[in-house]
Amino acid sequence: MSITAYKVEAVGHDRTGEDYGYVNIMYRYGNKQSCLRPDQCEKIEVMWADESVYGPPAPGSKVGDFIQTWLMGSWDCGVFTHREIAQRLMDTFTGLKIKELAWFENPREKTLKNGKPRTRRAKWLPDREVDLVYLYSDRYLDARNPSPSETDFFTVTRMDAWGVSTWFMCTPEAAGKLIAMDYDNLAVKETTIVG
């Protein structure tokens, strides 16, 4: 079986694909395992990413409507966005929830890669304060045996040799409305997930 819907994801560039100067976010690393599913953890532990999703150089400091995640895990159930954008989308569409973030300092904020103390503020830190949340769907559809979607947004799951993979998706009707909202740093693309 398979499911065809619209995959929704944050991208680290502007609409033209020419400006890559946007901040990236990453899950906290160290001895801490990230939550497998957003609904199974109290808060998502994150920090600003000191590396770009697209490789060197480091990401820029501009804050987009949506924030791309560096080194996503196998669980990709949603997107990082501003609280007011998340609220507007939750007021417009069904199947969406917010998860609060717990912020941690990236060790590279104070120390250079060579171990020396940083004398200036890192260029990859955001240029302004932002109130971000994780916007996701806890409505799960199995790609091997999909049932009709009862909500505008949902998470498609598939078990394979690498474990469980997920995609944050929406119906064609919701995709049309979302594209018309004209947000920066958001890609909405028709995708078929084979179960």
# chains A, B, ... in the order shown; residues from 1 in each chain; ligands from 1
>>> residues_around(residues="region 164-176 of chain A", least_positions_apart="6", cutoff="9 Å", atoms="only C-alpha atoms", output="PDB file with N, CA and C atoms, in the first residue's frame")
ATOM      1  N   THR A   4      -0.532   9.030  -0.709  1.00  0.00           N
ATOM      2  CA  THR A   4      -0.102  10.249  -1.390  1.00  0.00           C
ATOM      3  C   THR A   4      -0.770  11.435  -0.710  1.00  0.00           C
ATOM      4  N   ALA A   5       0.071  12.370  -0.260  1.00  0.00           N
ATOM      5  CA  ALA A   5      -0.418  13.582   0.410  1.00  0.00           C
ATOM      6  C   ALA A   5       0.650  14.657   0.217  1.00  0.00           C
ATOM      7  N   TYR A   6       0.532  15.754   0.922  1.00  0.00           N
ATOM      8  CA  TYR A   6       1.489  16.853   0.786  1.00  0.00           C
ATOM      9  C   TYR A   6       2.408  16.916   2.000  1.00  0.00           C
ATOM     10  N   LYS A   7       3.705  16.701   1.745  1.00  0.00           N
ATOM     11  CA  LYS A   7       4.713  16.763   2.804  1.00  0.00           C
ATOM     12  C   LYS A   7       5.000  18.227   3.122  1.00  0.00           C
ATOM     13  N   VAL A   8       5.037  18.546   4.412  1.00  0.00           N
ATOM     14  CA  VAL A   8       5.267  19.913   4.882  1.00  0.00           C
ATOM     15  C   VAL A   8       6.574  19.913   5.666  1.00  0.00           C
ATOM     16  N   GLU A   9       7.522  20.775   5.254  1.00  0.00           N
ATOM     17  CA  GLU A   9       8.789  20.838   5.990  1.00  0.00           C
ATOM     18  C   GLU A   9       9.410  22.224   5.911  1.00  0.00           C
ATOM     19  N   GLY A  73      16.145  13.477  13.435  1.00  0.00           N
ATOM     20  CA  GLY A  73      16.106  12.055  13.737  1.00  0.00           C
ATOM     21  C   GLY A  73      15.131  11.374  12.792  1.00  0.00           C
ATOM     22  N   SER A  74      14.845  10.121  13.060  1.00  0.00           N
ATOM     23  CA  SER A  74      13.916   9.396  12.194  1.00  0.00           C
ATOM     24  C   SER A  74      12.479   9.890  12.386  1.00  0.00           C
ATOM     25  N   TRP A  75      12.221  10.575  13.508  1.00  0.00           N
ATOM     26  CA  TRP A  75      10.880  11.088  13.757  1.00  0.00           C
ATOM     27  C   TRP A  75      10.791  12.526  13.278  1.00  0.00           C
ATOM     28  N   ASP A  76      10.044  12.747  12.205  1.00  0.00           N
ATOM     29  CA  ASP A  76       9.861  14.071  11.636  1.00  0.00           C
ATOM     30  C   ASP A  76       8.362  14.346  11.627  1.00  0.00           C
ATOM     31  N   CYS A  77       7.841  14.718  12.792  1.00  0.00           N
ATOM     32  CA  CYS A  77       6.390  14.831  12.974  1.00  0.00           C
ATOM     33  C   CYS A  77       5.863  16.244  12.826  1.00  0.00           C
ATOM     34  N   GLY A  78       6.755  17.218  12.622  1.00  0.00           N
ATOM     35  CA  GLY A  78       6.273  18.591  12.583  1.00  0.00           C
ATOM     36  C   GLY A  78       7.352  19.573  12.192  1.00  0.00           C
ATOM     37  N   VAL A  79       7.141  20.842  12.551  1.00  0.00           N
ATOM     38  CA  VAL A  79       8.065  21.919  12.193  1.00  0.00           C
ATOM     39  C   VAL A  79       8.210  22.894  13.366  1.00  0.00           C
ATOM     40  N   PHE A  93      -6.621  24.988  10.745  1.00  0.00           N
ATOM     41  CA  PHE A  93      -6.596  23.579  10.337  1.00  0.00           C
ATOM     42  C   PHE A  93      -6.845  22.649  11.519  1.00  0.00           C
ATOM     43  N   TYR A 136       3.078  20.134  15.467  1.00  0.00           N
ATOM     44  CA  TYR A 136       3.076  18.750  14.990  1.00  0.00           C
ATOM     45  C   TYR A 136       1.659  18.195  14.959  1.00  0.00           C
ATOM     46  N   SER A 137       1.547  16.972  14.447  1.00  0.00           N
ATOM     47  CA  SER A 137       0.271  16.274  14.458  1.00  0.00           C
ATOM     48  C   SER A 137       0.437  14.943  15.178  1.00  0.00           C
ATOM     49  N   SER A 149      -7.783  10.126   5.983  1.00  0.00           N
ATOM     50  CA  SER A 149      -7.440  11.143   6.971  1.00  0.00           C
ATOM     51  C   SER A 149      -8.707  11.823   7.475  1.00  0.00           C
ATOM     52  N   THR A 151      -8.327  14.425   9.578  1.00  0.00           N
ATOM     53  CA  THR A 151      -7.859  15.762   9.936  1.00  0.00           C
ATOM     54  C   THR A 151      -7.109  16.369   8.752  1.00  0.00           C
ATOM     55  N   ASP A 152      -6.919  17.699   8.783  1.00  0.00           N
ATOM     56  CA  ASP A 152      -6.172  18.371   7.718  1.00  0.00           C
ATOM     57  C   ASP A 152      -4.704  17.978   7.728  1.00  0.00           C
ATOM     58  N   PHE A 153      -4.110  17.857   8.939  1.00  0.00           N
ATOM     59  CA  PHE A 153      -2.702  17.484   9.094  1.00  0.00           C
ATOM     60  C   PHE A 153      -2.597  16.144   9.796  1.00  0.00           C
ATOM     61  N   PHE A 154      -1.562  15.386   9.469  1.00  0.00           N
ATOM     62  CA  PHE A 154      -1.338  14.075  10.054  1.00  0.00           C
ATOM     63  C   PHE A 154       0.127  13.695   9.871  1.00  0.00           C
ATOM     64  N   THR A 155       0.547  12.648  10.567  1.00  0.00           N
ATOM     65  CA  THR A 155       1.909  12.137  10.463  1.00  0.00           C
ATOM     66  C   THR A 155       1.838  10.744   9.860  1.00  0.00           C
ATOM     67  N   VAL A 156       2.528  10.553   8.745  1.00  0.00           N
ATOM     68  CA  VAL A 156       2.584   9.239   8.101  1.00  0.00           C
ATOM     69  C   VAL A 156       3.776   8.485   8.680  1.00  0.00           C
ATOM     70  N   THR A 157       3.558   7.240   9.072  1.00  0.00           N
ATOM     71  CA  THR A 157       4.630   6.415   9.626  1.00  0.00           C
ATOM     72  C   THR A 157       4.868   5.195   8.746  1.00  0.00           C
ATOM     73  N   ARG A 158       6.112   4.724   8.770  1.00  0.00           N
ATOM     74  CA  ARG A 158       6.437   3.496   8.047  1.00  0.00           C
ATOM     75  C   ARG A 158       7.557   2.784   8.795  1.00  0.00           C
ATOM     76  N   VAL A 188       5.964  22.821   0.684  1.00  0.00           N
ATOM     77  CA  VAL A 188       4.783  21.978   0.680  1.00  0.00           C
ATOM     78  C   VAL A 188       4.781  21.263  -0.657  1.00  0.00           C
ATOM     79  N   LYS A 189       4.972  19.944  -0.639  1.00  0.00           N
ATOM     80  CA  LYS A 189       5.185  19.210  -1.897  1.00  0.00           C
ATOM     81  C   LYS A 189       4.429  17.883  -1.888  1.00  0.00           C
ATOM     82  N   GLU A 190       3.756  17.598  -2.995  1.00  0.00           N
ATOM     83  CA  GLU A 190       3.058  16.313  -3.105  1.00  0.00           C
ATOM     84  C   GLU A 190       4.062  15.185  -3.086  1.00  0.00           C
ATOM     85  N   THR A 191       3.805  14.187  -2.249  1.00  0.00           N
ATOM     86  CA  THR A 191       4.747  13.090  -2.039  1.00  0.00           C
ATOM     87  C   THR A 191       3.979  11.790  -1.847  1.00  0.00           C
ATOM     88  N   ILE A 193       4.324   8.074  -0.197  1.00  0.00           N
ATOM     89  CA  ILE A 193       5.094   7.245   0.723  1.00  0.00           C
ATOM     90  C   ILE A 193       4.622   5.809   0.499  1.00  0.00           C
TER      91      ILE A 193
END
>>> select_by_dssp(residues="region 48-124 of chain A", states="strand (DSSP E)", output="ChimeraX atom specification")
/A:48,66-70,78-82,97-99,101-103
>>> atom_distance(atom1="CA of Ala161 (chain A)", atom2="CA of Ile44 (chain A)")
26.1 Å
>>> closest_residue(among="A:Asp131, A:Pro107, A:Trp124, A:Arg139", to="Thr94 (chain A)", atoms="only C-alpha atoms")
A:Arg139
>>> residues_around(residues="region 46-51 of chain A", least_positions_apart="2", cutoff="6 Å", atoms="only C-alpha atoms", output="MDAnalysis selection string")
chainID A and resid 24:28 58 103:106
>>> decode(residues="region 145-159 of chain A", atoms="N, CA, C and O atoms", output="mmCIF file, in the first residue's frame")
data_model
loop_
_atom_site.group_PDB
_atom_site.id
_atom_site.type_symbol
_atom_site.label_atom_id
_atom_site.label_comp_id
_atom_site.auth_asym_id
_atom_site.auth_seq_id
_atom_site.Cartn_x
_atom_site.Cartn_y
_atom_site.Cartn_z
ATOM 1 N N ASN A 145 -0.918 0.563 5.585
ATOM 2 C CA ASN A 145 -2.355 0.332 5.629
ATOM 3 C C ASN A 145 -3.058 1.639 5.974
ATOM 4 O O ASN A 145 -3.629 1.785 7.051
ATOM 5 N N PRO A 146 -2.992 2.631 5.052
ATOM 6 C CA PRO A 146 -3.534 3.957 5.394
ATOM 7 C C PRO A 146 -5.055 3.979 5.462
ATOM 8 O O PRO A 146 -5.729 3.381 4.641
ATOM 9 N N SER A 147 -5.535 4.659 6.481
ATOM 10 C CA SER A 147 -6.977 4.902 6.577
ATOM 11 C C SER A 147 -7.206 6.327 6.091
ATOM 12 O O SER A 147 -6.285 7.133 6.071
ATOM 13 N N PRO A 148 -8.412 6.648 5.689
ATOM 14 C CA PRO A 148 -8.673 8.025 5.243
ATOM 15 C C PRO A 148 -8.356 9.017 6.361
ATOM 16 O O PRO A 148 -8.624 8.755 7.527
ATOM 17 N N SER A 149 -7.783 10.126 5.983
ATOM 18 C CA SER A 149 -7.440 11.143 6.971
ATOM 19 C C SER A 149 -8.707 11.823 7.475
ATOM 20 O O SER A 149 -9.560 12.217 6.694
ATOM 21 N N GLU A 150 -8.811 11.932 8.788
ATOM 22 C CA GLU A 150 -9.961 12.614 9.385
ATOM 23 C C GLU A 150 -9.606 14.046 9.758
ATOM 24 O O GLU A 150 -10.456 14.796 10.235
ATOM 25 N N THR A 151 -8.327 14.425 9.578
ATOM 26 C CA THR A 151 -7.859 15.762 9.936
ATOM 27 C C THR A 151 -7.109 16.369 8.752
ATOM 28 O O THR A 151 -6.683 15.651 7.844
ATOM 29 N N ASP A 152 -6.919 17.699 8.783
ATOM 30 C CA ASP A 152 -6.172 18.371 7.718
ATOM 31 C C ASP A 152 -4.704 17.978 7.728
ATOM 32 O O ASP A 152 -4.079 17.797 6.685
ATOM 33 N N PHE A 153 -4.110 17.857 8.939
ATOM 34 C CA PHE A 153 -2.702 17.484 9.094
ATOM 35 C C PHE A 153 -2.597 16.144 9.796
ATOM 36 O O PHE A 153 -3.424 15.809 10.637
ATOM 37 N N PHE A 154 -1.562 15.386 9.469
ATOM 38 C CA PHE A 154 -1.338 14.075 10.054
ATOM 39 C C PHE A 154 0.127 13.695 9.871
ATOM 40 O O PHE A 154 0.862 14.340 9.132
ATOM 41 N N THR A 155 0.547 12.648 10.567
ATOM 42 C CA THR A 155 1.909 12.137 10.463
ATOM 43 C C THR A 155 1.838 10.744 9.860
ATOM 44 O O THR A 155 1.153 9.873 10.393
ATOM 45 N N VAL A 156 2.528 10.553 8.745
ATOM 46 C CA VAL A 156 2.584 9.239 8.101
ATOM 47 C C VAL A 156 3.776 8.485 8.680
ATOM 48 O O VAL A 156 4.874 9.038 8.787
ATOM 49 N N THR A 157 3.558 7.240 9.072
ATOM 50 C CA THR A 157 4.630 6.415 9.626
ATOM 51 C C THR A 157 4.868 5.195 8.746
ATOM 52 O O THR A 157 3.954 4.730 8.051
ATOM 53 N N ARG A 158 6.112 4.724 8.770
ATOM 54 C CA ARG A 158 6.437 3.496 8.047
ATOM 55 C C ARG A 158 7.557 2.784 8.795
ATOM 56 O O ARG A 158 8.564 3.380 9.119
ATOM 57 N N MET A 159 7.341 1.508 9.067
ATOM 58 C CA MET A 159 8.364 0.690 9.707
ATOM 59 C C MET A 159 9.191 0.043 8.605
ATOM 60 O O MET A 159 8.643 -0.529 7.659
#
